[in-house]
Structures are given as C-alpha cells and as structure tokens.
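Reading through the structure tokens given below for one structure.
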Amino acid sequence: MSPPHPLRRRGARAALALAALSAGLAVAPLSAPAAPQPTTPHTAAQRDFTALSRAFVEALWRIDPDAALYAGRYEGSGRLPRPDAATRSARLAFVTDWQARLAALDDATLGIHQRTDLVQLRNKLAQDRFELEVLREHSWNPASYSVAGPIDLMLQTRFAPEPQRLRLLLRRIEGIPAYYEAARQAIDRPTREHTELAIAQAPGNQSVLNELGRVARASKALSPGERRLFKTRLSNAEAAVDAYVVFLRGQLQRMDAEPGYARPFRLGGALYPQKFNLEIQSKRTAAQTYEAALQAREQLLAQMDDLARGLWPRVMGGANPPTDRLALIGQVIDRLSERHVARADFYPEIRRQIAELQDWVRRKDLISQDPRKPLVVRETPVYQRGVAGAGIEAPGPYRPQDRTYYNVTPLDDLSPAQAESVLREYNHWILQILNIHEAVPGHYTQLVHANRSPSLVKTLFGNGAMIEGWAVFSERMMLENGWGDQAPEMWLMWCKWNLRSVTNAILDYAVHVQGMGEAEAMDLLTRQAFQTPQEAREKWRRVTLTSVQLTSYFSGYSEIMALREARRAQLGDRFRVKDFNEQLLSYGNAPVSAIRSLMLDPTATQ
Ligand code: ZN
Ligand code: ZN
C-alpha cells in the first residue's frame, strides 16, 4: 500500500530491480500502458524516423529477450540470456551502433511527438551505456540475478496455450545453472545489503520453480520424455539456486573477515549525479533538486503549523498545545487519524470513491475522461498479493485490448494491529488523496490521455518523474479546485502526504551523497515527517537498495508546478486549468523539461 509506488509501468530494468525489492516471490511487474500506434507521419524524414524507432525496438527485443517479455513480447522467452561478459559486450556494441544511427538524425525535420520520442531513445541508450560501463551493477548487486520473475510471468500470462508455454519454459530453465555460474563470475565486491537481499530472495526463486514443477506434472499435453526432462532440469535449477546462496554466504563471510571488501551501498557524489541526470532528466541538478526539496519542506512545515494551530481547540479540546512545532503537528495528525473506515469497508469505500471522483472531475470540467474505457476496481488477484496495497495495473503496449484495473488488496491477511495501522495511515482524508493519485485524475486518467498521442517509445521508455509528478500534482490540483471543501483537515493531511514525496527526495540525496546514517534517517522520517516506525523502516530499506528513484515524485511535481506558473504568466486571462492539464498530458510521458520547452515555445508545431 505504501505509495510512492515503485512498481508502476516501467521498462524491464526497473521491473527487475523492483522485483528484487519485493524480497521474496517476484511479483509480475505491471507493464506499460496500451499505446501501440504511432502518429501519422507527414514527411519522408518523419516516416524514416517511425521506421527507425520501430526497428530499434525490434532489435532491442532480440538482444534483450527478458526486456521483451516484460513488455509483453514472448517470442524469445524460451531463451534465458546468460549474464556474462560476452553478453555485456554485445549489448555495449548494440548501444554504440544505435547511438551512431540516432546521432545522424536531424531533430529539426521531426514533429513535436517524434522529437520527444528521440529524446527518450537517446536517453535510453545513454542510460544503458552508463550502466554497462560506469555503474556496473552486475558486479555489485547479487539481487540483480533472479530467475523467478520471467518464469512467473510466463506461467501467469496466457500469451499462448499452456503446453506451448510449458515447452518454452522447459527450454528456458535448462540455462539456469549457466546463468548462476555467470552471476558468480561477474560478482566482485558486492554490497552487504544487496547480498543479503539476494539470499532472502532465494526461497522465492525456489517456490516459482516448485510451482512450475507442479504445473508441468499436472499437464496432460507433455510427453513422458518431456516430463523426465522437466524433472532433471528443475532439480539442476534448484541445485543452482542453492549453490548461489552458498556462494553469497561465502561473500558475507569474506566481508566480515576482510574490512573494505564490501562495497558501500551508498552511490556517492561521483555516481549519483550522473544517474540522476539520466533517470530524472531534469533541468535541475541533483544538488539543486535537494536544495529545492529542503525549501519545499520548510514551506510545508510552516503551513502545517498554521493549520494544526487552527485545528487544535476543535480537535484536541482544552489541552495546552506544545511549543515545539513538530510535536504540535504530530499530535493533531495522530488524533485526526482515528477517523478511518472500518476494516471491512476498505475495499467498498475505494470503489465508491472512484465513481465519485470521476463524476466530480466531470462536473468541474478539470480534464476530459473516456467513458468508453472504464477503470475496473477489483480485489488484487491472489497470486499478485505480496504486500497490502492499491495500484493501477495497465495492459502492456502489445495488449491494448486488455482492461485497466485498479487493484486493491483487502486487509484480510493482516493482524488486527496491522490492519489498524494501515487504516490510520489511509485515514478518512488520505484515502481520498490515494484514490486521486492512483486513479482519478492521477495515474489512470494520465494513461487515457497518453493513449491519445500514442507512442510506443514513450510507453516503453517514459520518464518516471513525469509519471509520478503528474499523480502528485493532480492531488494538489484537485484540492485547489475544491475537492474536500478547503477543509483545514484535508489540507493538513495533504501536506503530510506531500511531505512524504519531499522527504523521499531529501533522504535519497542525504543518504547516497552526504552519508546520512540510519538513526538520523529514522528521525527525519518519523519525528520530522510524521511517518510510522514501520513505514520509516521500509523506507530506510528502500533507500539502501535503490537510488534516485525516490526523488522522482518531488522532482516531477515541483517542475510541473513551476511550468504551470510559467504558463499562467504567459497566458494571463486566457489560462484555463483544463487546457493546461490536457496539453501537459498530450506529450505522453516525455520528461517535464522537454514538455516545458515545447509548451512555452510559441513556434513549436505538431
Ligand atoms: Zn482505529
Ligand atoms: Zn504513483
């Protein structure tokens, strides 16, 4: 449940990294939104670009079958790529080749949508080169090697009849021993944190292999020879996973014995800014974004102080307010959090609110919606339930006919105390903000609009800061336009929620670049940002296992806010909320920095 939600609509790399984060069974990653048709090209150069970007994507699927599989293309899924030096040099050669081809293009001959596609293609290649040559996560992140995700996806997705899928899987699992052998060879000075994560993931890998064995045994379509092969290959695969764990335990022992052997999990001041530039694609640097987050935090706390003082007599009765601002805000939030739905009403209430939000957005005319593509609110399918949660599941670019779901995991599996903690966190006000963020007019509405200027490139390689930035921006836009009747309680809870995004950005930079430690981080998250100890512990873990992604929410949000103010200044009386929202989303998931140039430039044409 705890948004910010890292699992949404990403390319294969992020999906794998995040499958790693779920630390057990890799949940099938949510794939990209439906958007397969390119816009109609007008000139020869534009037709050439369309052909070239298609050729790139097809070539990418051939060289990276796992990325293809996560995008919904399964032709190569019978092959498990061996993560060895030869594969890495082939990928680097691929990057070099395509960088040269894209460098030869003249941006000026392209329309707006193709220019932003080109930005994303070039950035994708630059990111891949950075990973292969500079970041080299394959050498220090043992959790980047996991066989469960693709197998699970091939078992759960009906892309072909079951016997055909099982035969593809029979081929794939043959490569598992060589896969882990290559992993052991590649690993050199791993981090302790990622080593421990990889060990914790091993049972998830084994359970997916067990599940595959169960399905294979139950299948009537396999020949006796195929069944025997399944048995042999599965036991070899299980042994390979066990051997990998033994190897990783050896690495931990070496870390204990040899000070300095473990690589620090912190990215450091040299790597972090480079990764930030490639991933966030902001006009601001990492350091400037951090400074902006500190300022935003101070503004939020000042606003929360005002709101909490105003609410104090009504909410807290005759007690004297504490002089410490953080204590005062924290006590009011704590008391307000007692207002929440009953455990059994969690799912029905979300379902009810989505309809209400859609109706409200229509009456206020804030952004157009598409009644022909309704959002289906449902309980999360059992096999996808890892953590309590709610989030959008959109069909991949190759399955536009599929529905978009808003999955809500019911609280059934939680103890009474755990359920109470979730319900207090998603209290009366925050639950509404969550639904705005995830669904209307957040991620779901954004998908509907992105599909109107369909771009396979931006669907596959869209900018995460734009995607999260819009969802965070939409929360504020709704409240500004009257959702919640300007109640101080609603604004106070919005501030708390927004402070989470801002604090994510501060934490990420402070930990990875400035060396902030765990105790200081816990204080930042709990006392200074009003999070529960449980939420703070999960966040600390996340920041030790990922970098930069935590800044995407604040970076995207603050850049969209700045763009809106610039647009308002440019248009004066002619500024309309709906026009701004729809124009912003019409560029697909291009980076906000690229959208800004196009939106504010009066000479830019389609
Ligand atoms: Zn309660
Ligand atoms: Zn989100």
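Ligands are numbered from 1 in the order shown, chains are lettered A, B, ... in the order of the structure tokens, and residues start at 1 in each chain.
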* Asked: Looking only at the backbone, which of the residues in segment 182-393 of chain A does DSSP tag as alpha helix (DSSP H), as JSON, numbers by chain?
  -> {"A": [182, 183, 184, 185, 186, 192, 193, 194, 195, 196, 197, 198, 199, 200, 201, 202, 203, 204, 205, 206, 207, 208, 209, 210, 211, 212, 213, 214, 215, 216, 217, 218, 224, 225, 226, 227, 228, 229, 230, 231, 232, 233, 234, 235, 236, 237, 238, 239, 240, 241, 242, 243, 244, 245, 246, 247, 248, 249, 250, 251, 252, 253, 254, 255, 256, 257, 268, 269, 270, 271, 272, 273, 274, 275, 276, 277, 278, 279, 280, 286, 287, 288, 289, 290, 291, 292, 293, 294, 295, 296, 297, 298, 299, 300, 301, 302, 303, 304, 305, 306, 307, 308, 309, 310, 311, 312, 313, 314, 315, 316, 325, 326, 327, 328, 329, 330, 331, 332, 333, 334, 335, 336, 346, 347, 348, 349, 350, 351, 352, 353, 354, 355, 356, 357, 358, 359, 360, 361, 362, 363, 364]}
With a cut-off of 12 Å, could you pull out the residues of chain A touching ligand 1 and give me the nearest pair of atoms for each, distance in Å to one decimal, using only C-alpha atoms and all ligand atoms, ordered by chain and ascending number, as JSON lines?
{"residue": "A:Asp334", "atom": "CA", "partner": "ligand 1", "partner_atom_place_in_ligand_line": "1 (Zn)", "distance": 10.8}
{"residue": "A:Arg335", "atom": "CA", "partner": "ligand 1", "partner_atom_place_in_ligand_line": "1 (Zn)", "distance": 10.2}
{"residue": "A:Leu336", "atom": "CA", "partner": "ligand 1", "partner_atom_place_in_ligand_line": "1 (Zn)", "distance": 10.3}
{"residue": "A:Ser337", "atom": "CA", "partner": "ligand 1", "partner_atom_place_in_ligand_line": "1 (Zn)", "distance": 7.7}
{"residue": "A:Glu338", "atom": "CA", "partner": "ligand 1", "partner_atom_place_in_ligand_line": "1 (Zn)", "distance": 5.0}
{"residue": "A:Arg339", "atom": "CA", "partner": "ligand 1", "partner_atom_place_in_ligand_line": "1 (Zn)", "distance": 6.9}
{"residue": "A:His340", "atom": "CA", "partner": "ligand 1", "partner_atom_place_in_ligand_line": "1 (Zn)", "distance": 6.5}
{"residue": "A:Val341", "atom": "CA", "partner": "ligand 1", "partner_atom_place_in_ligand_line": "1 (Zn)", "distance": 8.2}
{"residue": "A:Ala342", "atom": "CA", "partner": "ligand 1", "partner_atom_place_in_ligand_line": "1 (Zn)", "distance": 7.9}
{"residue": "A:Arg343", "atom": "CA", "partner": "ligand 1", "partner_atom_place_in_ligand_line": "1 (Zn)", "distance": 9.1}
{"residue": "A:Pro416", "atom": "CA", "partner": "ligand 1", "partner_atom_place_in_ligand_line": "1 (Zn)", "distance": 10.0}
{"residue": "A:Ala417", "atom": "CA", "partner": "ligand 1", "partner_atom_place_in_ligand_line": "1 (Zn)", "distance": 9.4}
{"residue": "A:Gln418", "atom": "CA", "partner": "ligand 1", "partner_atom_place_in_ligand_line": "1 (Zn)", "distance": 10.8}
{"residue": "A:Ala419", "atom": "CA", "partner": "ligand 1", "partner_atom_place_in_ligand_line": "1 (Zn)", "distance": 8.9}
{"residue": "A:Glu420", "atom": "CA", "partner": "ligand 1", "partner_atom_place_in_ligand_line": "1 (Zn)", "distance": 5.5}
{"residue": "A:Ser421", "atom": "CA", "partner": "ligand 1", "partner_atom_place_in_ligand_line": "1 (Zn)", "distance": 7.8}
{"residue": "A:Val422", "atom": "CA", "partner": "ligand 1", "partner_atom_place_in_ligand_line": "1 (Zn)", "distance": 9.4}
{"residue": "A:Leu423", "atom": "CA", "partner": "ligand 1", "partner_atom_place_in_ligand_line": "1 (Zn)", "distance": 6.7}
{"residue": "A:Arg424", "atom": "CA", "partner": "ligand 1", "partner_atom_place_in_ligand_line": "1 (Zn)", "distance": 6.1}
{"residue": "A:Glu425", "atom": "CA", "partner": "ligand 1", "partner_atom_place_in_ligand_line": "1 (Zn)", "distance": 9.8}
{"residue": "A:Tyr426", "atom": "CA", "partner": "ligand 1", "partner_atom_place_in_ligand_line": "1 (Zn)", "distance": 10.6}
{"residue": "A:Asn427", "atom": "CA", "partner": "ligand 1", "partner_atom_place_in_ligand_line": "1 (Zn)", "distance": 8.8}
{"residue": "A:His428", "atom": "CA", "partner": "ligand 1", "partner_atom_place_in_ligand_line": "1 (Zn)", "distance": 10.8}
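Summary of the local environment: counting only C-alpha atoms, residues at most 7 Å from Phe554 of chain A, other than itself and those fewer than 4 positions away along its chain, are Gly469, Ser501, Val502, Ala505 and Ser558 of chain A.
Between atom CA of Arg54 of chain A and atom CA of Gln583 of chain A there is a distance of 25.7 Å.
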* **Long-range neighbours of Ser219 of chain A as a PyMOL selection string, 10 Å cut-off, only C-alpha atoms, 4 positions minimum in chain** => chain A and resi 162-163+166+213-215+223+227
* Computed interatomic separation between atom CA of Ala90 of chain A and atom CA of Ser144 of chain A (Å) -> 18.9 Å
* Taking into account only C-alpha atoms, which residue in the set A:Ala287, A:Ile176, A:Gln274, A:Pro65 is nearest to Asn236 of chain A? -> A:Ile176
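Between atom CA of Arg564 of chain A and atom CA of Leu118 of chain A the separation is 24.5 Å.
The closest residue to ligand 2, picked from A:Leu60, A:Val472, A:Ala71, A:Ala302 and counting only C-alpha atoms and all ligand atoms, is A:Val472.
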* Structure fact -> The residue from A:Asp573, A:Glu480, A:Asp117, A:Asp324 with the smallest atom-to-atom distance to Leu456 of chain A, counting only C-alpha atoms, is A:Asp117
* To do: Pick out the residues sitting within 9 Å of Glu193 of chain A, and hand them over as JSON, numbers by chain; count only C-alpha atoms, and ignore anything fewer than 4 positions along from it in its own chain.
  => {"A": [141, 197, 198, 264, 265, 541, 544, 545]}
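Take the candidates A:Ala103, A:Ile392, A:Leu479, A:Ala510 and check each one against ligand 2 using only C-alpha atoms and all ligand atoms; the shortest distance goes to A:Ile392.
With only C-alpha atoms as the atoms that count, the minimum distance from Tyr398 of chain A to the choices A:Phe159, A:Trp98, A:Phe130, A:Trp540 is reached by A:Phe159.
The closest residue to ligand 2, picked from A:Gln114, A:Ser552, A:Thr532, A:Ser415 and counting only C-alpha atoms and all ligand atoms, is A:Ser552.
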* Extract, using only C-alpha atoms, all DNA, RNA and protein residues at most 12 Å from Lys539 of chain A, discarding same-chain residues fewer than 3 positions from it, and format them as number ranges by chain. => A: 2-6, 21, 500-501, 503-505, 507-508, 511, 518, 521-522, 524-526, 531-536, 542-547, 550
* **All strand (DSSP E) positions in segment 212-431 of chain A, as a PyMOL selection string** => chain A and resi 376-379+390-393+405-408
